[in-house]
Amino acid sequence: MKQIVILGAGAGGTMSANHLRRKLSPQEWNITVIDRNSLHYYQPGFLFLPFRFKGYQELSDVSKPTRRLIDNGVDVVNAEITEVDTKNNVVKTRAGNFHYDWLVSSLGCRIIPDQIDGMREGYEQNVFDFYTPDGAIKLQRALDRFDGGKLVFNIAEMPIKCPVAPIEFVFLADYYFHTKGIRNKVEIELVTPLTGAFTKPIASKVFSEIAKEKGIKITTDFSLGYVDHVNKKIRSYTKQELDYDLLVAIAPTEGAEVIEESGLGNGAGYIRTDKHTLKATGHNNIYSIGDGTDLPTSKAGSVAHFESEVMAKNLLNEIKGKEPKARFDGHSNCFIESGFNKALLIDFNYKAEPLPGKFPLPVVGPFSLLKETSINHQGKLAFRWAYWNQILTCKLPGEPIMTNYCSPTGKKVSMLKDGKAAFEI
Ligand SMILES: Cc1cc2nc3c(=O)[nH]c(=O)nc-3n(C[C@H](O)[C@H](O)[C@H](O)COP(=O)(O)OP(=O)(O)OC[C@H]3O[C@@H](n4cnc5c(N)ncnc54)[C@H](O)[C@@H]3O)c2cc1C
């Protein structure tokens, strides 16, 4: 029996397991997924929990048992992965060792508050995150208690997971304080190391205009060096100081420790990955997808989803002795809830930045790109159902309705310097 081992049963690992199980004979191929958690979290819900947004109250609203999301013919092992021995093709875990013929890694990334002086000490006092289940619930309680003052949202450094989450958080905070009737008592400031509200200029301009309308201040080019939770100040490396009453922080982010310790990492725990084939550089039998790659695209569930399809095509080809010809184009898309029952949507790839237009169909949409609409908001609300029932379980309609590559169709391509060429893979 040949063995495929998948590291991580998050978004990328779950979809990879389901795609591969449906295409490979169970008589010939055994597939094992390993994760330290027996629960799968719908991480976009971590953004809603702090605000108790539309029914997001408890962790049970954003989690399901992993086993239920993965096809029956896949072995699911609940264990800490301690080493990947690439010389001997063995994954070591606290529950034993697993030999592999092919390995797919999707171990995600993690925030490390200890990398910023003073940040960890401020946790539980006036510093919070919403990138972990525990963090999202603690922030919810802090917001319940918060009755006015200055809320600062800080990104310590890039890259982070879900780069639109900060802008979405401050938009939702504005809405939340309005509905609580205390918006006039709250200052909201987004403090970022970027030169704008987002990594891509056209979208950044749109987000900045919306932030301005909402009275949200954006402070750019701020590289966090120190958190002084006693005096409620953050300081940049260039000694710029800002006051806060409540700090929502995204600490420096790295890939999984075990990746670095096993010699597979780039120094920050991310696997060096071929940006098109998704093969781990220098490892002929390893694929790498999701937040744990070093690829220059968003660390987003949509990316893990599109990558899992490309990876599965390539791995199946290789198993048949063919070339891994499927190519990933960096495709990413994401709804951005902006409060007051509206949301935006962005769709882009390695080369084409988010553009205005309609999605997925030209003219008809029904979703609008880079524009606040109530249909986008309905899409965002429906996304949790789709995540559990269609995306993780790989039941979405494929091409031509939904493509894993980014299509120019419906987009204002003329806004790009290199036009349609930006969509070529
Ligand atoms: C607040 C927030 C909002 C977001 N919103 C969106 C959104 O709107 N749209 C979107 O597309 N994406 C969004 N994302 C991002 C999305 O959740 C991630 O990009 C996606 O989950 C990445 O999938 P992955 O498989 O790479 O990693 P993950 O889903 O994080 O899975 C990694 C898995 O590896 C396991 N693991 C790690 N190390 C070990 C180890 N040593 N041993 C055993 N198991 C291990 C973990 O337990 C985890 O289950 C959001 C994320 C956050 C935090």
# chains A, B, ... in the order shown; residues from 1 in each chain; ligands from 1
>>> residues_around(residues="segment 189-199 of chain A", least_positions_apart="6", cutoff="9 Å", atoms="only C-alpha atoms", output="PyMOL selection string")
chain A and resi 150-158+163-164+166-167+170+205+207-208+211+216-224
>>> write_last_selection(atoms="N, CA, C and O atoms", output="mmCIF file, in the first residue's frame")
data_model
loop_
_atom_site.group_PDB
_atom_site.id
_atom_site.type_symbol
_atom_site.label_atom_id
_atom_site.label_comp_id
_atom_site.auth_asym_id
_atom_site.auth_seq_id
_atom_site.Cartn_x
_atom_site.Cartn_y
_atom_site.Cartn_z
ATOM 1 N N LYS A 150 -9.941 55.101 23.374
ATOM 2 C CA LYS A 150 -9.276 54.946 22.083
ATOM 3 C C LYS A 150 -8.947 53.483 21.793
ATOM 4 O O LYS A 150 -8.195 52.853 22.548
ATOM 5 N N LEU A 151 -9.531 52.981 20.724
ATOM 6 C CA LEU A 151 -9.231 51.618 20.289
ATOM 7 C C LEU A 151 -8.191 51.707 19.170
ATOM 8 O O LEU A 151 -8.435 52.344 18.150
ATOM 9 N N VAL A 152 -7.045 51.127 19.430
ATOM 10 C CA VAL A 152 -6.004 51.093 18.395
ATOM 11 C C VAL A 152 -5.880 49.672 17.870
ATOM 12 O O VAL A 152 -5.806 48.722 18.659
ATOM 13 N N PHE A 153 -5.890 49.544 16.554
ATOM 14 C CA PHE A 153 -5.649 48.243 15.925
ATOM 15 C C PHE A 153 -4.261 48.300 15.319
ATOM 16 O O PHE A 153 -3.978 49.142 14.468
ATOM 17 N N ASN A 154 -3.382 47.416 15.767
ATOM 18 C CA ASN A 154 -2.009 47.468 15.253
ATOM 19 C C ASN A 154 -1.588 46.181 14.552
ATOM 20 O O ASN A 154 -1.808 45.086 15.057
ATOM 21 N N ILE A 155 -0.957 46.358 13.397
ATOM 22 C CA ILE A 155 -0.292 45.237 12.715
ATOM 23 C C ILE A 155 1.201 45.422 12.990
ATOM 24 O O ILE A 155 1.771 46.456 12.620
ATOM 25 N N ALA A 156 1.829 44.449 13.655
ATOM 26 C CA ALA A 156 3.247 44.611 14.001
ATOM 27 C C ALA A 156 4.120 44.600 12.753
ATOM 28 O O ALA A 156 4.962 45.471 12.554
ATOM 29 N N GLU A 157 3.934 43.572 11.924
ATOM 30 C CA GLU A 157 4.751 43.468 10.707
ATOM 31 C C GLU A 157 4.036 42.581 9.696
ATOM 32 O O GLU A 157 3.138 41.818 10.056
ATOM 33 N N MET A 158 4.447 42.667 8.467
ATOM 34 C CA MET A 158 3.871 41.815 7.405
ATOM 35 C C MET A 158 4.853 40.677 7.139
ATOM 36 O O MET A 158 6.038 40.848 7.377
ATOM 37 N N PRO A 163 -4.871 39.443 5.133
ATOM 38 C CA PRO A 163 -4.483 40.862 5.204
ATOM 39 C C PRO A 163 -5.632 41.863 5.165
ATOM 40 O O PRO A 163 -5.420 43.031 5.470
ATOM 41 N N VAL A 164 -6.867 41.414 4.830
ATOM 42 C CA VAL A 164 -7.985 42.371 4.903
ATOM 43 C C VAL A 164 -8.631 42.394 6.291
ATOM 44 O O VAL A 164 -9.436 43.278 6.578
ATOM 45 N N PRO A 166 -7.630 43.346 9.244
ATOM 46 C CA PRO A 166 -7.535 44.595 10.026
ATOM 47 C C PRO A 166 -8.534 45.662 9.576
ATOM 48 O O PRO A 166 -9.206 46.280 10.408
ATOM 49 N N ILE A 167 -8.663 45.837 8.266
ATOM 50 C CA ILE A 167 -9.570 46.890 7.777
ATOM 51 C C ILE A 167 -11.021 46.476 8.087
ATOM 52 O O ILE A 167 -11.858 47.291 8.473
ATOM 53 N N VAL A 170 -11.767 47.208 11.834
ATOM 54 C CA VAL A 170 -12.055 48.603 12.219
ATOM 55 C C VAL A 170 -13.406 49.055 11.649
ATOM 56 O O VAL A 170 -14.128 49.825 12.293
ATOM 57 N N LYS A 205 -6.859 52.501 -1.784
ATOM 58 C CA LYS A 205 -7.512 53.811 -1.954
ATOM 59 C C LYS A 205 -9.007 53.701 -1.588
ATOM 60 O O LYS A 205 -9.542 54.542 -0.851
ATOM 61 N N PHE A 207 -10.483 51.457 0.365
ATOM 62 C CA PHE A 207 -10.640 51.236 1.815
ATOM 63 C C PHE A 207 -10.379 52.528 2.599
ATOM 64 O O PHE A 207 -11.068 52.817 3.581
ATOM 65 N N SER A 208 -9.369 53.302 2.157
ATOM 66 C CA SER A 208 -9.036 54.545 2.886
ATOM 67 C C SER A 208 -10.193 55.537 2.816
ATOM 68 O O SER A 208 -10.493 56.213 3.801
ATOM 69 N N ALA A 211 -12.849 54.389 5.186
ATOM 70 C CA ALA A 211 -12.400 54.644 6.579
ATOM 71 C C ALA A 211 -12.591 56.126 6.915
ATOM 72 O O ALA A 211 -13.052 56.474 8.006
ATOM 73 N N ILE A 216 -12.506 56.874 10.791
ATOM 74 C CA ILE A 216 -11.448 55.987 11.303
ATOM 75 C C ILE A 216 -10.109 56.526 10.823
ATOM 76 O O ILE A 216 -9.918 56.762 9.623
ATOM 77 N N LYS A 217 -9.188 56.725 11.774
ATOM 78 C CA LYS A 217 -7.871 57.259 11.401
ATOM 79 C C LYS A 217 -6.949 56.108 10.970
ATOM 80 O O LYS A 217 -6.966 55.040 11.598
ATOM 81 N N ILE A 218 -6.164 56.341 9.936
ATOM 82 C CA ILE A 218 -5.181 55.324 9.531
ATOM 83 C C ILE A 218 -3.780 55.923 9.641
ATOM 84 O O ILE A 218 -3.482 56.949 9.030
ATOM 85 N N THR A 219 -2.949 55.316 10.476
ATOM 86 C CA THR A 219 -1.553 55.754 10.617
ATOM 87 C C THR A 219 -0.669 54.718 9.927
ATOM 88 O O THR A 219 -0.700 53.535 10.285
ATOM 89 N N THR A 220 0.102 55.174 8.948
ATOM 90 C CA THR A 220 0.894 54.240 8.129
ATOM 91 C C THR A 220 2.380 54.278 8.527
ATOM 92 O O THR A 220 2.788 55.101 9.354
ATOM 93 N N ASP A 221 3.161 53.408 7.937
ATOM 94 C CA ASP A 221 4.625 53.343 8.106
ATOM 95 C C ASP A 221 5.043 53.244 9.572
ATOM 96 O O ASP A 221 6.044 53.844 9.971
ATOM 97 N N PHE A 222 4.280 52.523 10.361
ATOM 98 C CA PHE A 222 4.567 52.398 11.797
ATOM 99 C C PHE A 222 5.017 50.954 12.067
ATOM 100 O O PHE A 222 4.215 50.022 12.010
ATOM 101 N N SER A 223 6.312 50.766 12.349
ATOM 102 C CA SER A 223 6.838 49.424 12.655
ATOM 103 C C SER A 223 6.907 49.261 14.158
ATOM 104 O O SER A 223 7.727 49.900 14.820
ATOM 105 N N LEU A 224 6.097 48.399 14.700
ATOM 106 C CA LEU A 224 5.973 48.276 16.160
ATOM 107 C C LEU A 224 7.259 47.733 16.797
ATOM 108 O O LEU A 224 7.779 46.696 16.378
#
>>> residues_around(residues="segment 24-35 of chain A", least_positions_apart="5", cutoff="7 Å", atoms="only C-alpha atoms", output="list in words")
Met1, Lys2, Gln3, Ile4, Val5, Ile6, Leu7, Gly8, Ala9, Val74, Asp75, Val76, Val77, Asn78, Ala79 and Glu80 of chain A
>>> residues_around(residues="Phe128 of chain A", least_positions_apart="2", cutoff="7 Å", atoms="only C-alpha atoms", output="NGL selection string")
:A and (123 or 126 or 130 or 135 or 139 or 247-249)
>>> residues_near_ligand(ligand="ligand 1", cutoff="7 Å", atoms="only C-alpha atoms and all ligand atoms", output="PyMOL selection string")
chain A and resi 7-13+34-37+40+42-47+79-82+106-109+130-132+161-162+165+256-258+289-292+299-304+333-336
>>> write_last_selection(atoms="N, CA and C atoms", output="CSV table (one decimal), in the first residue's frame")
chain,number,residue,atom,x,y,z
A,7,LEU,N,-0.1,17.0,6.3
A,7,LEU,CA,0.1,17.7,7.6
A,7,LEU,C,-0.9,18.8,7.7
A,8,GLY,N,-1.7,18.7,8.8
A,8,GLY,CA,-2.7,19.8,9.1
A,8,GLY,C,-4.0,19.4,8.5
A,9,ALA,N,-5.1,19.6,9.4
A,9,ALA,CA,-6.4,19.4,8.9
A,9,ALA,C,-7.2,20.7,9.0
A,10,GLY,N,-6.5,21.8,8.7
A,10,GLY,CA,-7.2,23.0,8.6
A,10,GLY,C,-7.8,23.1,7.2
A,11,ALA,N,-7.9,24.4,6.7
A,11,ALA,CA,-8.6,24.5,5.4
A,11,ALA,C,-7.9,23.8,4.3
A,12,GLY,N,-6.6,24.0,4.1
A,12,GLY,CA,-5.9,23.3,3.0
A,12,GLY,C,-5.8,21.8,3.1
A,13,GLY,N,-5.5,21.3,4.4
A,13,GLY,CA,-5.4,19.9,4.6
A,13,GLY,C,-6.7,19.1,4.4
A,34,ILE,N,-2.9,14.5,9.6
A,34,ILE,CA,-2.5,14.6,11.0
A,34,ILE,C,-2.7,16.0,11.5
A,35,ASP,N,-3.3,16.2,12.6
A,35,ASP,CA,-3.5,17.5,13.2
A,35,ASP,C,-3.6,17.4,14.7
A,36,ARG,N,-3.0,18.4,15.4
A,36,ARG,CA,-3.1,18.4,16.9
A,36,ARG,C,-4.5,18.7,17.4
A,37,ASN,N,-5.3,19.3,16.6
A,37,ASN,CA,-6.7,19.6,17.1
A,37,ASN,C,-7.7,18.6,16.5
A,40,HIS,N,-12.1,21.6,14.0
A,40,HIS,CA,-11.7,22.5,12.8
A,40,HIS,C,-12.4,23.9,13.1
A,42,TYR,N,-13.6,27.6,11.9
A,42,TYR,CA,-13.9,28.5,10.7
A,42,TYR,C,-13.3,29.9,11.2
A,43,GLN,N,-12.1,30.1,10.7
A,43,GLN,CA,-11.4,31.3,11.2
A,43,GLN,C,-12.0,32.6,10.9
A,44,PRO,N,-12.6,32.8,9.7
A,44,PRO,CA,-13.3,34.1,9.4
A,44,PRO,C,-14.2,34.5,10.5
A,45,GLY,N,-14.8,33.5,11.2
A,45,GLY,CA,-15.7,33.7,12.3
A,45,GLY,C,-15.0,34.3,13.5
A,46,PHE,N,-13.7,34.2,13.6
A,46,PHE,CA,-13.0,34.8,14.8
A,46,PHE,C,-13.1,36.4,14.7
A,47,LEU,N,-13.4,36.9,13.5
A,47,LEU,CA,-13.5,38.3,13.4
A,47,LEU,C,-14.9,38.8,13.9
A,79,ALA,N,-2.8,14.3,16.6
A,79,ALA,CA,-1.5,14.3,17.3
A,79,ALA,C,-0.6,15.5,17.0
A,80,GLU,N,0.3,15.8,17.9
A,80,GLU,CA,1.3,16.9,17.6
A,80,GLU,C,2.3,16.3,16.6
A,81,ILE,N,2.6,17.0,15.6
A,81,ILE,CA,3.7,16.6,14.7
A,81,ILE,C,5.0,17.2,15.2
A,82,THR,N,6.0,16.3,15.4
A,82,THR,CA,7.2,16.8,16.1
A,82,THR,C,8.4,16.9,15.1
A,106,SER,N,0.2,21.5,5.0
A,106,SER,CA,-0.7,22.7,5.1
A,106,SER,C,-0.8,23.0,6.6
A,107,LEU,N,0.3,23.4,7.2
A,107,LEU,CA,0.3,23.6,8.7
A,107,LEU,C,0.0,25.0,9.1
A,108,GLY,N,-0.3,25.9,8.1
A,108,GLY,CA,-0.7,27.2,8.4
A,108,GLY,C,0.4,28.1,9.0
A,109,CYS,N,0.0,29.2,9.7
A,109,CYS,CA,0.9,30.1,10.3
A,109,CYS,C,0.4,30.5,11.7
A,130,PHE,N,-7.5,38.5,18.0
A,130,PHE,CA,-8.7,37.7,17.6
A,130,PHE,C,-8.3,36.7,16.6
A,131,TYR,N,-7.0,36.3,16.6
A,131,TYR,CA,-6.5,35.3,15.6
A,131,TYR,C,-6.4,33.9,16.2
A,132,THR,N,-6.8,33.8,17.5
A,132,THR,CA,-6.9,32.5,18.1
A,132,THR,C,-8.3,32.3,18.7
A,161,LYS,N,-1.8,36.8,8.5
A,161,LYS,CA,-2.8,35.9,7.9
A,161,LYS,C,-4.0,36.9,7.6
A,162,CYS,N,-4.7,36.6,6.5
A,162,CYS,CA,-5.9,37.4,6.0
A,162,CYS,C,-5.6,38.9,6.1
A,165,ALA,N,-8.3,41.4,7.2
A,165,ALA,CA,-8.9,41.4,8.5
A,165,ALA,C,-8.8,42.7,9.3
A,256,ALA,N,4.8,27.2,10.9
A,256,ALA,CA,4.9,26.2,12.0
A,256,ALA,C,6.3,26.0,12.4
A,257,GLU,N,6.5,25.9,13.8
A,257,GLU,CA,7.8,25.6,14.3
A,257,GLU,C,8.4,24.3,13.8
A,258,VAL,N,7.6,23.3,13.7
A,258,VAL,CA,8.1,22.0,13.3
A,258,VAL,C,8.7,22.0,11.8
A,289,ILE,N,1.0,23.9,0.6
A,289,ILE,CA,-0.1,24.8,0.3
A,289,ILE,C,-0.5,25.6,1.5
A,290,GLY,N,-1.4,26.6,1.3
A,290,GLY,CA,-2.0,27.4,2.4
A,290,GLY,C,-1.1,28.4,3.0
A,291,ASP,N,-1.4,28.8,4.2
A,291,ASP,CA,-0.6,29.9,4.9
A,291,ASP,C,0.8,29.6,5.1
A,292,GLY,N,1.2,28.3,5.1
A,292,GLY,CA,2.5,27.9,5.4
A,292,GLY,C,3.5,27.9,4.3
A,299,LYS,N,-2.4,35.2,2.6
A,299,LYS,CA,-2.6,34.0,3.5
A,299,LYS,C,-4.1,33.9,3.8
A,300,ALA,N,-4.8,33.2,2.9
A,300,ALA,CA,-6.3,33.2,3.0
A,300,ALA,C,-6.8,31.8,2.7
A,301,GLY,N,-8.0,31.6,3.2
A,301,GLY,CA,-8.7,30.3,3.0
A,301,GLY,C,-8.9,30.1,1.5
A,302,SER,N,-9.3,31.2,0.8
A,302,SER,CA,-9.6,31.0,-0.6
A,302,SER,C,-8.3,30.5,-1.4
A,303,VAL,N,-7.2,31.0,-0.9
A,303,VAL,CA,-5.9,30.6,-1.6
A,303,VAL,C,-5.7,29.1,-1.3
A,304,ALA,N,-5.9,28.7,-0.1
A,304,ALA,CA,-5.7,27.3,0.3
A,304,ALA,C,-6.6,26.4,-0.6
A,333,ASN,N,-9.5,35.5,-3.2
A,333,ASN,CA,-10.6,36.4,-3.1
A,333,ASN,C,-11.2,36.4,-1.7
A,334,CYS,N,-11.9,37.5,-1.4
A,334,CYS,CA,-12.3,37.7,0.0
A,334,CYS,C,-13.4,38.7,0.1
A,335,PHE,N,-14.5,38.4,0.9
A,335,PHE,CA,-15.5,39.4,1.2
A,335,PHE,C,-14.9,40.2,2.4
A,336,ILE,N,-15.3,41.5,2.4
A,336,ILE,CA,-14.9,42.4,3.5
A,336,ILE,C,-16.1,43.1,4.1
>>> select_by_dssp(residues="segment 188-379 of chain A", states="helix (DSSP H, G or I)", output="PyMOL selection string")
chain A and resi 201-213+257-261+290-292+301-319+374-379
>>> select_by_dssp(residues="segment 72-296 of chain A", states="strand (DSSP E)", output="ChimeraX atom specification")
/A:75-78,81-85,90-93,96-99,102-105,109-111,127-128,149-155,186-191,217-219,224-228,233-236,241-243,246-250,253-255,286-288
>>> atom_distance(atom1="atom CA of Ser262 of chain A", atom2="atom CA of Asp274 of chain A")
18.9 Å
>>> closest_residue(among="A:Glu307, A:Glu121, A:Glu337, A:Glu399", to="Ile375 of chain A", atoms="only C-alpha atoms")
A:Glu337
>>> residues_around(residues="Leu172 of chain A", least_positions_apart="5", cutoff="8 Å", atoms="only C-alpha atoms", output="list in words")
Phe51, Glu337, Ser338 and Gly339 of chain A
>>> atom_distance(atom1="atom CA of Ala136 of chain A", atom2="atom CA of Arg68 of chain A")
24.0 Å
>>> closest_residue(among="A:Asn349, A:Thr14, A:Asn231, A:Thr373", to="Ala421 of chain A", atoms="only C-alpha atoms")
A:Asn349
>>> closest_residue(among="A:Glu213, A:Pro159, A:Val62, A:Leu103", to="Tyr387 of chain A", atoms="only C-alpha atoms")
A:Val62
>>> decode(residues="segment 2-52 of chain A", atoms="C-alpha atoms", output="compact mmCIF listing (two decimals), in the first residue's frame")
# COMPACT_ATOMS: atom_id res chain seq x y z
CA LYS A 2 1.33 3.46 -0.90
CA GLN A 3 1.05 6.31 1.57
CA ILE A 4 0.07 9.96 1.27
CA VAL A 5 0.45 11.93 4.49
CA ILE A 6 -1.17 15.35 4.85
CA LEU A 7 0.13 17.68 7.57
CA GLY A 8 -2.67 19.78 9.07
CA ALA A 9 -6.44 19.35 8.93
CA GLY A 10 -7.21 23.05 8.57
CA ALA A 11 -8.61 24.54 5.38
CA GLY A 12 -5.88 23.32 3.00
CA GLY A 13 -5.37 19.89 4.59
CA THR A 14 -9.08 19.04 4.69
CA MET A 15 -9.68 19.97 1.05
CA SER A 16 -6.52 18.16 -0.07
CA ALA A 17 -7.60 14.97 1.70
CA ASN A 18 -11.08 15.04 0.17
CA HIS A 19 -9.84 15.80 -3.37
CA LEU A 20 -7.22 13.04 -3.29
CA ARG A 21 -9.44 10.40 -1.65
CA ARG A 22 -12.03 10.79 -4.40
CA LYS A 23 -9.46 10.33 -7.16
CA LEU A 24 -7.20 7.56 -5.82
CA SER A 25 -8.01 3.89 -5.41
CA PRO A 26 -8.37 2.95 -1.70
CA GLN A 27 -6.90 -0.45 -2.55
CA GLU A 28 -3.64 1.18 -3.67
CA TRP A 29 -3.41 4.40 -1.69
CA ASN A 30 -3.74 5.07 2.01
CA ILE A 31 -4.28 8.72 2.97
CA THR A 32 -3.55 9.99 6.50
CA VAL A 33 -4.22 13.51 7.81
CA ILE A 34 -2.50 14.59 11.03
CA ASP A 35 -3.51 17.54 13.22
CA ARG A 36 -3.05 18.41 16.88
CA ASN A 37 -6.67 19.63 17.06
CA SER A 38 -9.73 17.43 16.82
CA LEU A 39 -11.82 20.54 16.10
CA HIS A 40 -11.71 22.53 12.85
CA TYR A 41 -12.25 26.28 13.29
CA TYR A 42 -13.94 28.51 10.75
CA GLN A 43 -11.36 31.27 11.23
CA PRO A 44 -13.26 34.07 9.42
CA GLY A 45 -15.72 33.73 12.34
CA PHE A 46 -12.97 34.84 14.76
CA LEU A 47 -13.54 38.34 13.37
CA PHE A 48 -17.27 38.25 14.20
CA LEU A 49 -17.08 36.69 17.67
CA PRO A 50 -15.64 39.78 19.42
CA PHE A 51 -18.63 41.84 18.19
CA ARG A 52 -21.23 39.07 18.81
